[in-house]
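A.B. asks: Supplied structure: target33.txt, compact mmCIF, C-alpha atoms.
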# COMPACT_ATOMS: atom_id res chain seq x y z
CA MET L 138 -35.21 8.90 -9.60
CA ALA L 139 -35.40 5.48 -7.98
CA ILE L 140 -32.24 3.70 -6.94
CA GLU L 141 -31.18 1.00 -9.39
CA LEU L 142 -28.97 -1.96 -8.46
CA ILE L 143 -27.22 -3.44 -11.49
CA PRO L 144 -25.13 -6.65 -11.32
CA LEU L 145 -21.43 -5.96 -11.69
CA SER L 146 -19.74 -6.74 -14.96
CA LEU L 147 -17.70 -9.88 -14.31
CA PRO L 148 -14.49 -10.87 -16.09
CA PRO L 149 -14.54 -13.98 -18.31
CA THR L 150 -12.53 -15.82 -15.65
CA ALA L 151 -15.31 -15.56 -13.05
CA ASP L 152 -17.76 -18.37 -12.30
CA ALA L 153 -20.95 -16.32 -12.59
CA SER L 154 -22.92 -18.83 -10.52
CA LYS L 155 -20.81 -17.89 -7.49
CA PHE L 156 -21.45 -14.15 -7.95
CA GLU L 157 -25.25 -14.11 -8.18
CA HIS L 158 -25.46 -12.33 -4.82
CA PHE L 159 -22.16 -10.47 -4.94
CA GLY L 160 -21.71 -6.84 -5.90
CA ARG L 161 -24.00 -4.26 -7.46
CA GLU L 162 -23.53 -0.99 -9.33
CA VAL L 163 -25.73 1.70 -7.80
CA ARG L 164 -27.46 4.22 -10.04
CA GLY L 165 -29.91 7.00 -9.34
CA VAL L 166 -28.26 8.48 -6.25
CA GLU L 167 -25.32 10.79 -5.55
CA PRO L 168 -23.19 9.19 -2.81
CA GLY L 169 -22.25 12.61 -1.42
CA ASN L 170 -25.89 13.64 -1.06
CA ILE L 171 -27.87 10.63 0.13
CA LYS L 172 -31.27 11.12 1.73
CA PRO L 173 -32.07 9.09 4.89
CA GLU L 174 -34.54 6.80 3.13
CA GLN L 175 -32.04 6.25 0.32
CA PHE L 176 -29.30 5.41 2.81
CA GLN L 177 -31.40 2.70 4.38
CA GLU L 178 -31.83 1.08 0.97
CA ILE L 179 -28.10 1.36 0.26
CA LYS L 180 -27.22 -0.05 3.68
CA GLU L 181 -29.39 -3.11 3.15
CA ALA L 182 -27.98 -3.56 -0.36
CA LEU L 183 -24.41 -3.42 0.91
CA TYR L 184 -24.97 -6.11 3.51
CA LYS L 185 -26.85 -8.23 0.96
CA TYR L 186 -24.33 -7.91 -1.88
CA ASP L 187 -21.13 -7.05 0.07
CA ALA L 188 -19.82 -4.53 -2.49
CA LEU L 189 -21.42 -1.48 -4.12
CA LEU L 190 -19.99 0.55 -7.01
CA PHE L 191 -20.85 4.18 -7.77
CA ARG L 192 -19.52 5.40 -11.13
CA ASN L 193 -18.57 9.06 -11.74
CA ALA L 194 -18.87 9.91 -8.05
CA ILE L 195 -17.97 13.38 -6.81
CA LEU L 196 -17.10 13.15 -3.13
CA SER L 197 -15.17 15.41 -0.77
CA PRO L 198 -13.19 13.85 2.11
CA GLU L 199 -15.82 15.22 4.48
CA GLN L 200 -18.60 13.54 2.51
CA GLN L 201 -16.68 10.27 2.34
CA TYR L 202 -16.15 10.29 6.09
CA ALA L 203 -19.84 11.07 6.69
CA LEU L 204 -20.96 8.27 4.37
CA THR L 205 -18.64 5.75 6.03
CA LYS L 206 -19.70 6.83 9.52
CA ALA L 207 -23.39 6.49 8.63
CA PHE L 208 -22.98 2.70 8.69
CA ASP L 209 -21.82 2.92 12.32
CA PRO L 210 -22.77 6.30 13.82
CA GLN L 211 -20.92 5.61 17.09
CA SER L 212 -17.63 5.01 15.28
CA GLU L 213 -15.12 7.84 15.16
CA SER L 214 -11.46 6.99 14.58
CA TYR L 215 -9.72 5.53 11.53
CA GLY L 216 -9.72 1.74 11.57
CA HIS L 217 -6.10 1.60 12.74
CA GLY L 218 -6.45 4.60 15.08
CA ASN L 219 -6.09 8.24 14.08
CA ASN L 220 -2.47 9.25 13.50
CA LYS L 221 -1.22 5.95 14.89
CA THR L 222 -0.31 4.35 11.60
CA GLU L 223 2.27 6.98 10.64
CA ASN L 224 3.83 6.99 14.10
CA ALA L 225 4.28 3.20 14.13
CA LYS L 226 7.41 3.28 11.98
CA LYS L 227 7.93 -0.46 12.32
CA SER L 228 4.44 -1.31 11.05
CA ILE L 229 4.17 -2.90 7.63
CA LEU L 230 1.37 -0.40 6.91
CA HIS L 231 3.51 2.68 7.48
CA PRO L 232 4.73 3.37 3.91
CA ASP L 233 1.31 2.93 2.32
CA LEU L 234 -0.85 5.57 4.02
CA LYS L 235 -0.93 9.37 4.22
CA THR L 236 -3.54 11.15 6.32
CA ILE L 237 -5.61 14.09 5.08
CA PRO L 238 -4.80 16.68 7.77
CA ARG L 239 -8.30 18.10 8.29
CA ILE L 240 -10.04 14.69 8.11
CA PRO L 241 -7.68 12.20 9.79
CA GLN L 242 -10.13 9.36 9.22
CA VAL L 243 -9.53 9.57 5.45
CA GLN L 244 -6.25 8.27 4.06
CA VAL L 245 -4.58 9.01 0.74
CA ILE L 246 -3.16 5.91 -0.92
CA GLY L 247 -1.77 5.27 -4.37
CA ASN L 248 1.46 5.80 -6.24
CA GLY L 249 3.77 8.62 -7.28
CA LYS L 250 4.27 12.22 -6.15
CA ILE L 251 1.31 14.46 -5.43
CA PHE L 252 1.28 18.18 -4.71
CA ASP L 253 -1.21 20.47 -2.96
CA HIS L 254 -3.67 17.66 -2.40
CA GLU L 255 -6.33 18.20 0.29
CA GLY L 256 -3.90 19.98 2.60
CA LEU L 257 -0.89 17.80 1.79
CA VAL L 258 1.70 20.17 0.34
CA GLU L 259 3.72 17.31 -1.09
CA ALA L 260 3.60 13.54 -0.59
CA THR L 261 5.12 10.48 -2.17
CA LEU L 262 2.67 7.61 -2.40
CA LYS L 263 3.90 4.03 -2.69
CA HIS L 264 1.78 1.28 -4.18
CA PRO L 265 2.52 -1.81 -2.08
CA SER L 266 4.77 -4.24 -3.92
CA HIS L 267 4.96 -7.97 -3.34
CA LYS L 268 8.75 -7.58 -3.66
CA THR L 269 8.89 -6.00 -0.21
CA PHE L 270 6.70 -8.64 1.45
CA HIS L 271 6.81 -12.03 -0.30
CA LYS L 272 9.46 -14.67 0.33
CA THR L 273 9.86 -15.17 -3.41
CA THR L 274 9.35 -12.57 -6.12
CA VAL L 275 8.56 -12.32 -9.79
CA SER L 276 11.73 -12.02 -11.86
CA PRO L 277 12.50 -8.65 -13.50
CA GLU L 278 12.08 -10.31 -16.89
CA ASP L 279 8.61 -11.60 -16.03
CA GLU L 280 7.64 -8.31 -14.41
CA ALA L 281 8.55 -6.52 -17.65
CA LYS L 282 6.14 -8.88 -19.40
CA GLY L 283 3.33 -7.83 -17.03
CA ILE L 284 3.47 -10.67 -14.52
CA THR L 285 2.42 -9.63 -11.01
CA ARG L 286 0.93 -11.04 -7.78
CA PHE L 287 -1.65 -10.45 -5.10
CA TYR L 288 0.09 -8.40 -2.42
CA ARG L 289 -1.73 -9.41 0.77
CA TRP L 290 -5.22 -10.82 1.27
CA HIS L 291 -6.69 -9.11 4.29
CA ILE L 292 -9.50 -7.51 6.21
CA ASP L 293 -9.20 -3.80 7.03
CA ALA L 294 -8.67 -4.02 10.78
CA ALA L 295 -6.16 -3.10 13.47
CA LEU L 296 -6.65 -6.56 15.03
CA TYR L 297 -5.46 -5.11 18.34
CA ASP L 298 -7.45 -2.94 20.75
CA LEU L 299 -9.83 -1.63 18.06
CA SER L 300 -12.80 -3.40 16.51
CA PRO L 301 -12.85 -4.24 12.77
CA PRO L 302 -14.60 -1.60 10.64
CA ARG L 303 -17.97 -2.52 9.26
CA VAL L 304 -17.48 -0.79 5.92
CA THR L 305 -14.58 0.53 3.85
CA THR L 306 -15.08 3.24 1.23
CA LEU L 307 -12.49 3.43 -1.54
CA TYR L 308 -12.62 6.38 -3.93
CA GLY L 309 -10.42 6.43 -7.03
CA LEU L 310 -9.58 9.96 -8.17
CA GLU L 311 -6.65 9.46 -10.52
CA ILE L 312 -6.30 6.13 -12.32
CA PRO L 313 -3.30 5.54 -14.60
CA GLN L 314 -3.98 3.36 -17.60
CA GLY L 315 -1.73 0.59 -18.81
CA PRO L 316 -1.64 -2.84 -20.35
CA THR L 317 -3.33 -5.82 -18.76
CA GLN L 318 -1.19 -7.65 -16.23
CA VAL L 319 -1.29 -11.31 -15.24
CA CYS L 320 -1.55 -12.11 -11.54
CA ARG L 321 0.34 -15.37 -11.05
CA TYR L 322 -0.15 -17.55 -7.98
CA ASP L 323 3.28 -19.27 -8.20
CA ASP L 324 2.20 -22.01 -5.80
CA GLY L 325 2.56 -24.99 -8.10
CA THR L 326 -1.07 -24.87 -9.31
CA TRP L 327 -0.43 -22.87 -12.50
CA ASP L 328 -3.30 -20.61 -11.44
CA GLU L 329 -3.20 -17.11 -12.90
CA LEU L 330 -5.64 -14.26 -13.36
CA PRO L 331 -5.59 -11.51 -16.02
CA VAL L 332 -6.12 -8.14 -14.32
CA THR L 333 -6.26 -4.49 -15.23
CA LEU L 334 -3.41 -2.31 -13.99
CA GLY L 335 -3.77 -1.68 -10.25
CA THR L 336 -6.92 -3.71 -9.73
CA THR L 337 -8.29 -4.37 -6.26
CA ALA L 338 -9.18 -8.04 -5.92
CA PHE L 339 -12.17 -9.12 -3.82
CA VAL L 340 -13.37 -12.53 -2.64
CA SER L 341 -16.55 -13.36 -0.76
CA GLY L 342 -16.29 -14.63 2.80
CA LYS L 343 -19.67 -16.31 2.33
CA THR L 344 -18.34 -18.28 -0.62
CA MET L 345 -15.14 -19.05 1.27
CA PHE L 346 -17.25 -20.79 3.92
CA ARG L 347 -19.82 -22.40 1.61
CA ILE L 348 -17.32 -24.26 -0.57
CA LEU L 349 -15.57 -25.92 2.38
CA PRO L 350 -16.01 -29.66 2.86
CA ASP L 351 -18.21 -30.60 5.82
CA ASN L 352 -15.32 -31.48 8.15
CA LEU L 353 -13.78 -28.02 7.70
CA LYS L 354 -17.16 -26.29 7.96
CA SER L 355 -17.52 -28.00 11.34
CA VAL L 356 -14.17 -26.56 12.42
CA ALA L 357 -15.06 -23.09 11.16
CA VAL L 358 -18.33 -22.83 13.11
CA ARG L 359 -16.54 -23.90 16.30
CA ALA L 360 -13.30 -21.93 15.95
CA LYS L 361 -11.95 -18.61 17.11
CA VAL L 362 -8.76 -16.90 15.96
CA LYS L 363 -6.47 -15.02 18.34
CA TYR L 364 -4.29 -12.36 16.77
CA ALA L 365 -0.78 -11.31 17.71
CA PRO L 366 -0.35 -8.04 19.61
CA HIS L 367 0.44 -5.16 17.25
CA PRO L 368 0.16 -7.66 14.40
CA TYR L 369 1.43 -5.35 11.64
CA VAL L 370 4.61 -4.70 13.58
CA TRP L 371 4.87 -8.37 14.54
CA MET L 372 4.59 -9.56 10.93
CA ALA L 373 6.76 -6.84 9.36
CA PRO L 374 10.07 -8.80 9.36
CA ALA L 375 8.38 -11.97 8.07
CA ARG L 376 7.73 -12.90 4.46
CA ALA L 377 4.47 -13.89 2.79
CA LYS L 378 3.42 -16.77 0.61
CA SER L 379 3.45 -16.28 -3.16
CA THR L 380 -0.37 -16.08 -3.19
CA GLY L 381 -0.37 -13.26 -0.61
CA LEU L 382 -2.52 -15.50 1.58
CA GLY L 383 -0.59 -15.68 4.83
CA ILE L 384 2.98 -15.81 6.07
CA GLU L 385 5.73 -18.38 5.50
CA CYS L 386 6.89 -20.09 8.69
CA GLU L 387 10.54 -19.04 9.01
CA GLY L 388 10.59 -17.68 12.55
CA LEU L 389 11.11 -14.10 11.33
CA GLU L 390 8.22 -12.48 13.20
CA MET L 391 9.21 -9.88 15.77
CA PRO L 392 9.32 -11.49 19.24
CA PHE L 393 6.47 -10.36 21.48
CA GLU L 394 8.94 -8.92 23.99
CA GLU L 395 10.39 -6.62 21.32
CA LEU L 396 7.05 -5.22 20.20
CA PRO L 397 5.82 -1.78 21.29
CA PRO L 398 4.19 -1.94 24.73
CA TRP L 399 1.07 -4.08 24.66
CA GLU L 400 -1.55 -5.52 26.97
CA GLU L 401 -2.96 -9.03 26.86
CA GLY L 402 -6.45 -7.63 27.44
CA LYS L 403 -6.22 -5.62 24.21
CA ARG L 404 -5.37 -8.59 22.02
CA LYS L 405 -8.25 -9.56 19.76
CA THR L 406 -9.88 -12.97 19.52
CA PHE L 407 -12.64 -13.25 16.92
CA PRO L 408 -14.86 -16.05 15.67
CA MET L 409 -13.60 -17.58 12.45
CA LEU L 410 -17.05 -16.91 10.97
CA TRP L 411 -18.81 -13.53 11.19
CA LYS L 412 -22.59 -13.22 10.98
CA ASN L 413 -24.13 -10.80 8.51
CA PRO L 414 -26.35 -8.29 10.40
CA VAL L 415 -29.04 -8.27 7.68
CA THR L 416 -29.05 -11.74 6.11
CA ASP L 417 -27.69 -13.79 9.08
CA GLU L 418 -25.33 -15.54 6.65
CA LEU L 419 -21.88 -16.58 7.86
CA SER L 420 -18.68 -15.31 6.26
CA PHE L 421 -15.20 -16.74 6.74
CA GLN L 422 -13.38 -13.64 7.97
CA VAL L 423 -9.78 -14.27 9.03
CA HIS L 424 -6.74 -12.11 8.35
CA PRO L 425 -4.26 -14.96 7.87
CA CYS L 426 -1.11 -12.86 8.23
CA GLY L 427 -1.94 -11.69 11.75
CA ALA L 428 -3.31 -14.94 13.19
CA ALA L 429 -1.29 -16.36 16.08
CA GLU L 430 -3.57 -19.01 17.62
CA ILE L 431 -6.73 -20.98 16.81
CA ILE L 432 -9.12 -22.17 19.53
CA VAL L 433 -11.59 -24.87 18.47
CA ASP L 434 -14.50 -25.76 20.75
CA ALA L 435 -15.49 -29.40 21.20
CA LEU L 436 -18.41 -30.77 19.23
CA PRO L 437 -21.71 -30.31 21.06
CA GLU L 438 -23.18 -33.33 22.77
CA GLY L 439 -24.95 -35.62 20.34
CA ALA L 440 -23.16 -34.25 17.26
CA LYS L 441 -21.82 -36.68 14.68
CA ARG L 442 -18.15 -37.38 15.45
CA GLU L 443 -17.27 -39.66 12.55
CA GLY L 444 -14.79 -37.88 10.27
CA ALA L 445 -14.82 -34.75 12.42
CA LEU L 446 -11.65 -32.77 12.98
CA TYR L 447 -10.86 -31.81 16.58
CA PRO L 448 -14.06 -33.42 17.97
CA ASP L 449 -12.85 -32.79 21.53
CA GLY L 450 -11.68 -29.26 20.73
CA ALA L 451 -8.15 -27.95 20.28
CA HIS L 452 -5.90 -24.99 20.95
CA LEU L 453 -3.40 -24.51 18.13
CA THR L 454 -0.44 -22.32 19.09
CA ASP L 455 2.29 -23.56 16.75
CA LEU L 456 2.35 -21.15 13.80
CA GLU L 457 2.88 -23.96 11.31
CA ASP L 458 -0.33 -25.61 12.52
CA VAL L 459 -2.26 -22.33 12.63
CA ARG L 460 -1.16 -21.21 9.19
CA GLY L 461 -1.47 -24.64 7.66
CA LEU L 462 -5.09 -24.99 8.73
CA LEU L 463 -6.04 -21.48 7.63
CA TYR L 464 -4.39 -21.93 4.24
CA GLN L 465 -6.22 -25.20 3.72
CA MET L 466 -9.50 -23.44 4.48
CA GLN L 467 -8.94 -20.15 2.64
CA ARG L 468 -6.91 -21.04 -0.46
CA PRO L 469 -9.82 -22.59 -2.43
CA ALA L 470 -11.74 -19.29 -2.29
CA ILE L 471 -9.02 -17.25 -4.03
CA ALA L 472 -9.09 -19.48 -7.12
CA PRO L 473 -9.27 -17.35 -10.30
CA THR L 474 -12.92 -18.28 -10.86
CA LEU L 475 -13.88 -16.85 -7.45
CA VAL L 476 -12.01 -13.52 -7.57
CA TYR L 477 -13.65 -10.25 -8.61
CA PRO L 478 -10.83 -7.95 -9.80
CA HIS L 479 -12.31 -4.47 -10.03
CA ALA L 480 -11.25 -2.54 -13.14
CA TRP L 481 -10.97 0.99 -11.76
CA GLN L 482 -12.15 4.06 -13.65
CA SER L 483 -11.62 7.65 -12.53
CA ASN L 484 -14.16 8.70 -9.87
CA ASP L 485 -15.23 5.17 -9.05
CA LEU L 486 -16.42 4.84 -5.47
CA VAL L 487 -16.54 1.32 -4.06
CA LEU L 488 -18.16 0.54 -0.71
CA PHE L 489 -17.45 -2.91 0.61
CA HIS L 490 -18.65 -4.86 3.60
CA ASN L 491 -15.39 -5.28 5.46
CA ARG L 492 -16.94 -7.99 7.63
CA GLY L 493 -17.96 -10.08 4.63
CA ILE L 494 -15.09 -9.74 2.15
CA LEU L 495 -11.34 -10.25 1.90
CA HIS L 496 -9.41 -8.11 -0.55
CA SER L 497 -5.94 -7.55 -1.91
CA VAL L 498 -3.91 -4.91 -3.66
CA VAL L 499 -2.59 -6.22 -6.97
CA GLY L 500 -0.06 -5.08 -9.54
CA ALA L 501 2.96 -2.87 -9.92
CA PHE L 502 3.44 0.72 -11.06
CA THR L 503 6.46 2.64 -12.24
CA PRO L 504 7.45 5.66 -10.09
CA ASP L 505 6.11 8.13 -12.67
CA GLN L 506 2.63 6.59 -12.76
CA VAL L 507 0.45 8.69 -10.45
CA ARG L 508 -2.46 6.94 -8.79
CA VAL L 509 -4.58 8.69 -6.14
CA PHE L 510 -7.26 7.13 -3.95
CA HIS L 511 -9.05 8.20 -0.79
CA GLN L 512 -9.74 5.39 1.67
CA CYS L 513 -11.91 5.53 4.76
CA ASN L 514 -12.83 2.92 7.32
CA LEU L 515 -13.66 3.45 10.97
CA ALA L 516 -12.92 1.28 13.98
CA ALA L 517 -16.33 -0.15 14.80
CA SER L 518 -18.37 0.43 17.93
CA ASP L 519 -18.61 -3.33 18.44
CA ASP L 520 -16.91 -6.61 17.60
CA PRO L 521 -18.36 -8.94 14.96
CA THR L 522 -20.88 -11.59 15.98
CA GLY L 523 -20.10 -15.25 15.39
CA PRO L 524 -22.17 -18.39 14.88
CA THR L 525 -25.00 -19.22 17.25
CA THR L 526 -25.60 -22.57 18.92
CA ASP L 527 -28.02 -23.42 16.11
CA ASP L 528 -25.28 -22.79 13.52
CA VAL L 529 -22.98 -25.24 15.26
I need this file expressed as structure tokens, please.
C.D. replies:
Amino acid sequence: MAIELIPLSLPPTADASKFEHFGREVRGVEPGNIKPEQFQEIKEALYKYDALLFRNAILSPEQQYALTKAFDPQSESYGHGNNKTENAKKSILHPDLKTIPRIPQVQVIGNGKIFDHEGLVEATLKHPSHKTFHKTTVSPEDEAKGITRFYRWHIDAALYDLSPPRVTTLYGLEIPQGPTQVCRYDDGTWDELPVTLGTTAFVSGKTMFRILPDNLKSVAVRAKVKYAPHPYVWMAPARAKSTGLGIECEGLEMPFEELPPWEEGKRKTFPMLWKNPVTDELSFQVHPCGAAEIIVDALPEGAKREGALYPDGAHLTDLEDVRGLLYQMQRPAIAPTLVYPHAWQSNDLVLFHNRGILHSVVGAFTPDQVRVFHQCNLAASDDPTGPTTDDV
């Protein structure tokens, strides 16, 4: 049977014109038993469409690891480092992940208590809640009515020492059902997005770049972002914006001198835009919560300077400046019309291009609602490539 690529079913809120080249459902192949020639087709499709959905997938942790690794055969360890996440007790990621003992590259995430699961005798999974991370929270009365928020828009990446994974695979085994919730932005815009219980929200980095005005596009092609050391420990005491898109500036981040031991040479500085290895398109790929500095190169000689921002270059180190600029550039792309909120079904497998997409956990579960996912991403064998001189 030939592989079929079917456009994803979009919610009524989505602007279909912005999703023509985003996401495909894959039919005609078993993701746990992919032949080499089929994998090449799937690989090209993933980089072209950024997200692939396999319905009714049957996949062991070993098969999921092998599929993820096939996109980067030299990769080996989990995207945050094998067994490092659980040991970093101060990391904001610590409560959310449990490692499958025999396959440490595959994490169990979800909600509720699980027993005798892939070598885990017993584990309590915690669905991330905006109430533990946002500066403001939805009231109990509104939460009872189904109001919720995006938790944290991000890229799957350690952002320190290790390179960002190329691909994340997310496999939903047990999906609790419940009423539709409403994801509210609470930022004065009155934006809101109806979502299924426990959706994962995705936005395109390509779209995030394309919809920018020219003066901000000029900044993006010239800019690099430097991340804090051990960013998930650094950001843990701080509180996020109501949209989940970055941190409020309150001075609550952990001082660098109080972080676990770190080396300047292991801090990561990435281009603001990452180049797609198949299509050469540029995606706006910044994890706003971990960003500490922005370095903007000067305009090249002969470039138009009228109306340009930072024509002579700039080095932004004040967090208010860094976060303010990033929010101005990224917030338009999480508008309800540009978000794909995936409505999970049991045994859905989603592969997404982690270097072309931002995503967020959404929603809230009660303690007795059991949700079980397997997640795998691998620290890449290389760093992402940025714009070329021609792009600038």
A.B. asks: Looking at L:Thr150, L:Gln318, L:Gln201, L:Thr285, which one is nearest to L:Asn170, with distances taken over all atoms listed in the file?
C.D. replies: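 Looking at the shortest contact to L:Asn170, the residue is L:Gln201.
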A.B. asks: Go through L:Val163, L:Ala501, L:Leu147, L:Leu183 and flag the residue nearest L:Arg303, using only C-alpha atoms for the distances.
C.D. replies: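 Of all the options, L:Leu183 lies closest to L:Arg303.
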A.B. asks: Leaving out L:Phe159 and any residue of its chain fewer than 5 positions from it, which residues lie within 10 Å of it when counting only C-alpha atoms, given as a list in words?
C.D. replies: Pro144, Leu145, Ala153, Leu183, Tyr184, Lys185, Tyr186, Asp187, Ala188, Leu189, Val340, Ser341, Lys343, Thr344 and Tyr477 of chain L
A.B. asks: If I put a ball of radius 9 Å at (0.9, 4.7, -9.0) in the file's coordinates, which residues poke into it when counting all atoms listed in the file, written as a list in words?
C.D. replies: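 In the file's frame, the residues around the point are Gly247, Asn248, Gly249, Lys250, Leu262, Lys263, His264, Ile312, Pro313, Gly335, Ala501, Phe502, Thr503, Pro504, Asp505, Gln506, Val507, Arg508 and Val509 of chain L.
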A.B. asks: I want to know what sits within 8 Å of L:Pro168, based on all atoms listed in the file, with residues of the same chain fewer than 5 positions away left out; could you give that as an MDAnalysis selection string?
C.D. replies: chainID L and resid 191 194:196 204
A.B. asks: Convert the current residue selection to file output with C-alpha atoms, as a PDB file, in the frame of the given file.
C.D. replies:
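Saved file again-v3.pdb follows:
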ATOM      1  CA  PHE L 191     -20.850   4.180  -7.770  1.00  0.00           C
ATOM      2  CA  ALA L 194     -18.870   9.910  -8.050  1.00  0.00           C
ATOM      3  CA  ILE L 195     -17.970  13.380  -6.810  1.00  0.00           C
ATOM      4  CA  LEU L 196     -17.100  13.150  -3.130  1.00  0.00           C
ATOM      5  CA  LEU L 204     -20.960   8.270   4.370  1.00  0.00           C
TER       6      LEU L 204
END
A.B. asks: Mind pulling up the distance from atom CA of L:Pro265 to atom CA of L:Pro316?
C.D. replies: 18.8 Å
A.B. asks: Kindly give the distance, in Å, that separates atom CA of L:Lys235 and atom CA of L:Glu311, rounded to a single decimal.
C.D. replies: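 Straight-line distance from atom CA of L:Lys235 to atom CA of L:Glu311 works out to 15.8 Å.
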A.B. asks: Rounded to one decimal place, report the atom CA of L:Leu495-atom CA of L:Leu515 distance in Å.
C.D. replies: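 Straight-line distance from atom CA of L:Leu495 to atom CA of L:Leu515 works out to 16.6 Å.
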A.B. asks: Padding 4 Å on each side, edges along x, y and z: where is the centre of the box around the listed atoms of stretch 384-398 of chain L, and how long are its edges in Å to one decimal? Output it as AutoDock Vina command-line options.
C.D. replies:
--center_x 7.0 --center_y -10.9 --center_z 15.1 --size_x 16.1 --size_y 26.3 --size_z 27.2
A.B. asks: Between L:Val498, L:Cys513, L:Pro397, L:Val166, single out the one closest to L:Ser214, counting only C-alpha atoms.
C.D. replies: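 Between L:Val498, L:Cys513, L:Pro397, L:Val166, the residue approaching L:Ser214 most closely is L:Cys513.
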A.B. asks: I'd like to know which of L:Gln512, L:Thr454, L:Gln482, L:Ser518 is closest to L:Leu334, using only C-alpha atoms.
C.D. replies: L:Gln482
